[in-house]
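Worksheet: one structure, shown below.
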Amino acid sequence: MSGVRTLPPLAAYALALGDDALILAQRLGEWVAHAPQIEEDVALANIALDLLGQARTLLSYAGEIEQAGRDEDDLAYLRDDRDFRNVQLVEIPNGDFAVTIARQLVFSAYQYELYTALLGSGDATLAGLAGKAVKEVAYHRDHAVQWVLRLGDGTELSHARMQAGLDQVWPYTEELFDPASQLPGIAADPATLRPAWERYVTSVLSEAKLDKPEPRWRSRGGRDGLHTEHLGHLLSEMQHLHRTHPGATW
Amino acid sequence: MTEGHDSGKRGWPLWEVFVRPRRGLAHQHVGSLHAPDAAMALRNARDVYTRRGEGVSIWVVPSSAIMANSPDEKDPFFDPAQDKVYRHPTFYDVPEGAKQL
């Protein structure tokens, strides 16, 4: 399978956003049957399925633009880790519930700004997806906020663990706002999403009596195919069935 | 945060969920769930009971707020209604021209 370095810019952009959604969907799916309560199992699975739906649209679109005959399944199941374009934030392990919720707050707040910006995209597919996805993501963000408030402003133990979750996730936030491919009028410039994201997240943390972490390092390179060691393991699980039985259908 | 309905020492209190279907006039009881407080109960209800488009409005009520009759009272409560057929509106002729009663 050829790499994605030769992809047209719009296909690369759709693939990057699609990979974010796909990988986080896979991570959230790991919570099913392991969440603190069965109700939370269902909530996290719902969020995962919303993200999977977004990924399907974006990966299919990337394949369409690429015109190399790759469909959503080829892109999801037959690429190796170096060909994935997701930010490292979405591939890091779930950790405890607080780590998952911290990551969800960061990512949903980012996706909310992203899709809001893409509502005005000159590309009809991206704008159409954004119209549907922005409502889904508004709920994901609210779900995360509800938990951050309850854990942050809960007991001494829940506060400490929520703060530890934020501290663990924060080094991966900067990468969301690194420059992406230049597609004026079509893509959203990540840097422009930052101020609204920052305002939103800061106000949630302050209401939850949590400190915004000031990490001493930051992740880089997910969009260029540079990943943590965790992505390979995630892919081996996600791709196993498809690679064992190529072209299998229900 | 907890509003203290039957929460006991462990676990979350139980809530009853009522959903009004898209074309329905009244909320209907659809089931119950656990949640730490009312706001989370509403969200859990959304996730558990309306994810296939079942409803347009949700109520959640603490299960502890529901007063139910006792099974022991079943006979005095319900048996007397069994032989009062005249309470059913089946003995009237529908007046001509009335579209519905």
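Starting from 1 in every chain, residues are counted up; chains themselves are A, B, ... following the order of the structure tokens, and ligands are numbered from 1 as listed.
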Mind checking DSSP for segment 102-202 of chain A and telling me the helix (DSSP H, G or I) residues as a VMD selection string? chain A and resid 102 to 118 124 to 152 156 to 172 174 to 177 190 to 202
Long-range neighbours of segment 40-53 of chain B as a PyMOL selection string, 9 Å cut-off, only C-alpha atoms, 6 positions minimum in chain: (chain A and resi 39-40+42-43+46+143+146-147) or (chain B and resi 14-15+17-19+21-22+30-34+59-61)
Keeping only N, CA and C atoms, write the selected residues as a PDB file, in the first residue's frame.
ATOM      1  N   GLU A  39     -24.652   2.817  32.298  1.00  0.00           N
ATOM      2  CA  GLU A  39     -25.139   4.013  31.611  1.00  0.00           C
ATOM      3  C   GLU A  39     -23.981   4.738  30.924  1.00  0.00           C
ATOM      4  N   GLU A  40     -22.816   4.724  31.583  1.00  0.00           N
ATOM      5  CA  GLU A  40     -21.650   5.401  31.028  1.00  0.00           C
ATOM      6  C   GLU A  40     -21.055   4.589  29.869  1.00  0.00           C
ATOM      7  N   VAL A  42     -22.851   3.089  27.711  1.00  0.00           N
ATOM      8  CA  VAL A  42     -23.693   3.459  26.578  1.00  0.00           C
ATOM      9  C   VAL A  42     -23.341   4.868  26.091  1.00  0.00           C
ATOM     10  N   ALA A  43     -23.096   5.778  27.042  1.00  0.00           N
ATOM     11  CA  ALA A  43     -22.776   7.156  26.662  1.00  0.00           C
ATOM     12  C   ALA A  43     -21.481   7.199  25.847  1.00  0.00           C
ATOM     13  N   ASN A  46     -21.946   5.657  22.423  1.00  0.00           N
ATOM     14  CA  ASN A  46     -22.663   6.577  21.525  1.00  0.00           C
ATOM     15  C   ASN A  46     -21.716   7.600  20.923  1.00  0.00           C
ATOM     16  N   HIS A 143     -21.116  16.356  27.588  1.00  0.00           N
ATOM     17  CA  HIS A 143     -20.900  15.151  28.394  1.00  0.00           C
ATOM     18  C   HIS A 143     -19.588  15.249  29.171  1.00  0.00           C
ATOM     19  N   GLN A 146     -19.836  17.952  31.973  1.00  0.00           N
ATOM     20  CA  GLN A 146     -20.585  17.503  33.148  1.00  0.00           C
ATOM     21  C   GLN A 146     -19.681  16.705  34.091  1.00  0.00           C
ATOM     22  N   TRP A 147     -18.854  15.860  33.499  1.00  0.00           N
ATOM     23  CA  TRP A 147     -17.975  15.039  34.330  1.00  0.00           C
ATOM     24  C   TRP A 147     -16.821  15.833  34.917  1.00  0.00           C
TER      25      TRP A 147
ATOM     26  N   LEU B  14     -31.560   5.663  41.732  1.00  0.00           N
ATOM     27  CA  LEU B  14     -32.339   5.197  40.581  1.00  0.00           C
ATOM     28  C   LEU B  14     -33.311   6.298  40.131  1.00  0.00           C
ATOM     29  N   TRP B  15     -33.480   6.395  38.825  1.00  0.00           N
ATOM     30  CA  TRP B  15     -34.398   7.395  38.248  1.00  0.00           C
ATOM     31  C   TRP B  15     -35.340   6.703  37.280  1.00  0.00           C
ATOM     32  N   VAL B  17     -37.613   7.045  33.887  1.00  0.00           N
ATOM     33  CA  VAL B  17     -37.494   7.852  32.666  1.00  0.00           C
ATOM     34  C   VAL B  17     -38.808   7.837  31.886  1.00  0.00           C
ATOM     35  N   PHE B  18     -39.246   9.026  31.505  1.00  0.00           N
ATOM     36  CA  PHE B  18     -40.457   9.195  30.711  1.00  0.00           C
ATOM     37  C   PHE B  18     -40.100   9.910  29.414  1.00  0.00           C
ATOM     38  N   VAL B  19     -40.548   9.356  28.303  1.00  0.00           N
ATOM     39  CA  VAL B  19     -40.212   9.944  27.001  1.00  0.00           C
ATOM     40  C   VAL B  19     -41.495  10.262  26.247  1.00  0.00           C
ATOM     41  N   PRO B  21     -42.917  10.512  22.680  1.00  0.00           N
ATOM     42  CA  PRO B  21     -42.564  10.175  21.307  1.00  0.00           C
ATOM     43  C   PRO B  21     -42.862  11.349  20.375  1.00  0.00           C
ATOM     44  N   ARG B  22     -42.264  11.295  19.225  1.00  0.00           N
ATOM     45  CA  ARG B  22     -42.395  12.367  18.245  1.00  0.00           C
ATOM     46  C   ARG B  22     -43.855  12.791  18.035  1.00  0.00           C
ATOM     47  N   VAL B  30     -40.593   4.641  30.113  1.00  0.00           N
ATOM     48  CA  VAL B  30     -39.857   3.738  29.238  1.00  0.00           C
ATOM     49  C   VAL B  30     -38.881   2.853  29.999  1.00  0.00           C
ATOM     50  N   GLY B  31     -38.590   3.204  31.251  1.00  0.00           N
ATOM     51  CA  GLY B  31     -37.649   2.376  31.998  1.00  0.00           C
ATOM     52  C   GLY B  31     -36.985   3.189  33.088  1.00  0.00           C
ATOM     53  N   SER B  32     -35.894   2.659  33.614  1.00  0.00           N
ATOM     54  CA  SER B  32     -35.206   3.371  34.688  1.00  0.00           C
ATOM     55  C   SER B  32     -33.706   3.282  34.490  1.00  0.00           C
ATOM     56  N   LEU B  33     -32.966   4.080  35.225  1.00  0.00           N
ATOM     57  CA  LEU B  33     -31.508   4.046  35.127  1.00  0.00           C
ATOM     58  C   LEU B  33     -30.887   4.632  36.383  1.00  0.00           C
ATOM     59  N   HIS B  34     -29.578   4.492  36.488  1.00  0.00           N
ATOM     60  CA  HIS B  34     -28.851   5.089  37.604  1.00  0.00           C
ATOM     61  C   HIS B  34     -28.127   6.346  37.154  1.00  0.00           C
ATOM     62  N   TRP B  59     -38.487  13.315  30.564  1.00  0.00           N
ATOM     63  CA  TRP B  59     -38.571  13.634  31.988  1.00  0.00           C
ATOM     64  C   TRP B  59     -37.810  12.567  32.757  1.00  0.00           C
ATOM     65  N   VAL B  60     -37.117  12.978  33.815  1.00  0.00           N
ATOM     66  CA  VAL B  60     -36.585  11.995  34.756  1.00  0.00           C
ATOM     67  C   VAL B  60     -37.117  12.334  36.142  1.00  0.00           C
ATOM     68  N   VAL B  61     -37.454  11.302  36.879  1.00  0.00           N
ATOM     69  CA  VAL B  61     -38.039  11.468  38.211  1.00  0.00           C
ATOM     70  C   VAL B  61     -37.330  10.505  39.152  1.00  0.00           C
TER      71      VAL B  61
END
With a distance threshold of 12 Å and counting only C-alpha atoms, extract the residues of chain A near chain B and express them as a PyMOL selection string. chain A and resi 36-47+49-50+136+139-140+142-147+149-155
N, CA and C atoms of the current selection, written as a PDB file, in the first residue's frame:
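Result written to result30.pdb:
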ATOM      1  N   PRO A  36     -17.517   2.968  34.548  1.00  0.00           N
ATOM      2  CA  PRO A  36     -17.939   2.862  35.950  1.00  0.00           C
ATOM      3  C   PRO A  36     -19.379   2.372  36.116  1.00  0.00           C
ATOM      4  N   GLN A  37     -20.247   2.684  35.178  1.00  0.00           N
ATOM      5  CA  GLN A  37     -21.641   2.240  35.238  1.00  0.00           C
ATOM      6  C   GLN A  37     -22.083   1.881  33.833  1.00  0.00           C
ATOM      7  N   ILE A  38     -23.102   1.052  33.729  1.00  0.00           N
ATOM      8  CA  ILE A  38     -23.554   0.631  32.400  1.00  0.00           C
ATOM      9  C   ILE A  38     -24.073   1.839  31.606  1.00  0.00           C
ATOM     10  N   GLU A  39     -24.652   2.817  32.298  1.00  0.00           N
ATOM     11  CA  GLU A  39     -25.139   4.013  31.611  1.00  0.00           C
ATOM     12  C   GLU A  39     -23.981   4.738  30.924  1.00  0.00           C
ATOM     13  N   GLU A  40     -22.816   4.724  31.583  1.00  0.00           N
ATOM     14  CA  GLU A  40     -21.650   5.401  31.028  1.00  0.00           C
ATOM     15  C   GLU A  40     -21.055   4.589  29.869  1.00  0.00           C
ATOM     16  N   ASP A  41     -21.158   3.285  29.938  1.00  0.00           N
ATOM     17  CA  ASP A  41     -20.805   2.432  28.789  1.00  0.00           C
ATOM     18  C   ASP A  41     -21.537   2.905  27.544  1.00  0.00           C
ATOM     19  N   VAL A  42     -22.851   3.089  27.711  1.00  0.00           N
ATOM     20  CA  VAL A  42     -23.693   3.459  26.578  1.00  0.00           C
ATOM     21  C   VAL A  42     -23.341   4.868  26.091  1.00  0.00           C
ATOM     22  N   ALA A  43     -23.096   5.778  27.042  1.00  0.00           N
ATOM     23  CA  ALA A  43     -22.776   7.156  26.662  1.00  0.00           C
ATOM     24  C   ALA A  43     -21.481   7.199  25.847  1.00  0.00           C
ATOM     25  N   LEU A  44     -20.448   6.498  26.321  1.00  0.00           N
ATOM     26  CA  LEU A  44     -19.164   6.530  25.616  1.00  0.00           C
ATOM     27  C   LEU A  44     -19.262   5.811  24.271  1.00  0.00           C
ATOM     28  N   ALA A  45     -20.047   4.732  24.226  1.00  0.00           N
ATOM     29  CA  ALA A  45     -20.227   4.021  22.953  1.00  0.00           C
ATOM     30  C   ALA A  45     -20.964   4.900  21.945  1.00  0.00           C
ATOM     31  N   ASN A  46     -21.946   5.657  22.423  1.00  0.00           N
ATOM     32  CA  ASN A  46     -22.663   6.577  21.525  1.00  0.00           C
ATOM     33  C   ASN A  46     -21.716   7.600  20.923  1.00  0.00           C
ATOM     34  N   ILE A  47     -20.850   8.143  21.774  1.00  0.00           N
ATOM     35  CA  ILE A  47     -19.889   9.141  21.297  1.00  0.00           C
ATOM     36  C   ILE A  47     -18.950   8.500  20.280  1.00  0.00           C
ATOM     37  N   LEU A  49     -19.567   5.998  18.341  1.00  0.00           N
ATOM     38  CA  LEU A  49     -20.267   5.739  17.084  1.00  0.00           C
ATOM     39  C   LEU A  49     -20.488   7.023  16.285  1.00  0.00           C
ATOM     40  N   ASP A  50     -20.733   8.128  16.971  1.00  0.00           N
ATOM     41  CA  ASP A  50     -20.817   9.425  16.267  1.00  0.00           C
ATOM     42  C   ASP A  50     -19.501   9.695  15.540  1.00  0.00           C
ATOM     43  N   GLU A 136     -23.584  16.733  17.025  1.00  0.00           N
ATOM     44  CA  GLU A 136     -23.082  15.571  17.764  1.00  0.00           C
ATOM     45  C   GLU A 136     -22.014  16.006  18.758  1.00  0.00           C
ATOM     46  N   TYR A 139     -22.902  17.735  21.955  1.00  0.00           N
ATOM     47  CA  TYR A 139     -23.284  16.809  23.029  1.00  0.00           C
ATOM     48  C   TYR A 139     -22.058  16.147  23.668  1.00  0.00           C
ATOM     49  N   HIS A 140     -21.081  15.758  22.842  1.00  0.00           N
ATOM     50  CA  HIS A 140     -19.856  15.153  23.389  1.00  0.00           C
ATOM     51  C   HIS A 140     -19.178  16.121  24.371  1.00  0.00           C
ATOM     52  N   ASP A 142     -20.573  18.590  26.013  1.00  0.00           N
ATOM     53  CA  ASP A 142     -21.389  18.736  27.213  1.00  0.00           C
ATOM     54  C   ASP A 142     -21.186  17.548  28.158  1.00  0.00           C
ATOM     55  N   HIS A 143     -21.116  16.356  27.588  1.00  0.00           N
ATOM     56  CA  HIS A 143     -20.900  15.151  28.394  1.00  0.00           C
ATOM     57  C   HIS A 143     -19.588  15.249  29.171  1.00  0.00           C
ATOM     58  N   ALA A 144     -18.539  15.680  28.468  1.00  0.00           N
ATOM     59  CA  ALA A 144     -17.240  15.820  29.127  1.00  0.00           C
ATOM     60  C   ALA A 144     -17.293  16.894  30.216  1.00  0.00           C
ATOM     61  N   VAL A 145     -17.941  18.017  29.890  1.00  0.00           N
ATOM     62  CA  VAL A 145     -18.006  19.117  30.858  1.00  0.00           C
ATOM     63  C   VAL A 145     -18.726  18.679  32.132  1.00  0.00           C
ATOM     64  N   GLN A 146     -19.836  17.952  31.973  1.00  0.00           N
ATOM     65  CA  GLN A 146     -20.585  17.503  33.148  1.00  0.00           C
ATOM     66  C   GLN A 146     -19.681  16.705  34.091  1.00  0.00           C
ATOM     67  N   TRP A 147     -18.854  15.860  33.499  1.00  0.00           N
ATOM     68  CA  TRP A 147     -17.975  15.039  34.330  1.00  0.00           C
ATOM     69  C   TRP A 147     -16.821  15.833  34.917  1.00  0.00           C
ATOM     70  N   LEU A 149     -16.821  18.924  35.743  1.00  0.00           N
ATOM     71  CA  LEU A 149     -17.356  19.716  36.857  1.00  0.00           C
ATOM     72  C   LEU A 149     -17.580  18.844  38.089  1.00  0.00           C
ATOM     73  N   ARG A 150     -18.143  17.663  37.885  1.00  0.00           N
ATOM     74  CA  ARG A 150     -18.457  16.813  39.039  1.00  0.00           C
ATOM     75  C   ARG A 150     -17.204  16.234  39.688  1.00  0.00           C
ATOM     76  N   LEU A 151     -16.239  15.847  38.851  1.00  0.00           N
ATOM     77  CA  LEU A 151     -15.020  15.261  39.418  1.00  0.00           C
ATOM     78  C   LEU A 151     -14.106  16.346  39.975  1.00  0.00           C
ATOM     79  N   GLY A 152     -13.988  17.451  39.241  1.00  0.00           N
ATOM     80  CA  GLY A 152     -13.095  18.529  39.676  1.00  0.00           C
ATOM     81  C   GLY A 152     -13.585  19.168  40.967  1.00  0.00           C
ATOM     82  N   ASP A 153     -14.883  19.397  41.035  1.00  0.00           N
ATOM     83  CA  ASP A 153     -15.466  20.064  42.193  1.00  0.00           C
ATOM     84  C   ASP A 153     -16.197  19.061  43.075  1.00  0.00           C
ATOM     85  N   GLY A 154     -15.692  17.824  43.125  1.00  0.00           N
ATOM     86  CA  GLY A 154     -16.351  16.779  43.914  1.00  0.00           C
ATOM     87  C   GLY A 154     -15.640  16.550  45.230  1.00  0.00           C
ATOM     88  N   THR A 155     -15.099  15.364  45.393  1.00  0.00           N
ATOM     89  CA  THR A 155     -14.364  15.054  46.626  1.00  0.00           C
ATOM     90  C   THR A 155     -12.881  15.363  46.421  1.00  0.00           C
TER      91      THR A 155
END
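You will find atom CA of Leu118 of chain A at 16.0 Å from atom CA of Pro9 of chain A.
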Long-range neighbours of Gly225 of chain A as a PyMOL selection string, 7 Å cut-off, only C-alpha atoms, 5 positions minimum in chain: chain A and resi 82-85
Neighbours of segment 93-101 of chain A within 7 Å (only C-alpha atoms; same-chain residues fewer than 5 positions away dropped), as a ChimeraX atom specification? /A:27,144,161-162,165-166,169
Taking the DSSP assignment computed from this structure's backbone, write out as a ChimeraX atom specification all residues of chain B that belong to strand (DSSP E). /B:14-20,28-34,57-62
Here atom CA of Thr6 of chain A and atom CA of Leu22 of chain A stand apart by 21.3 Å
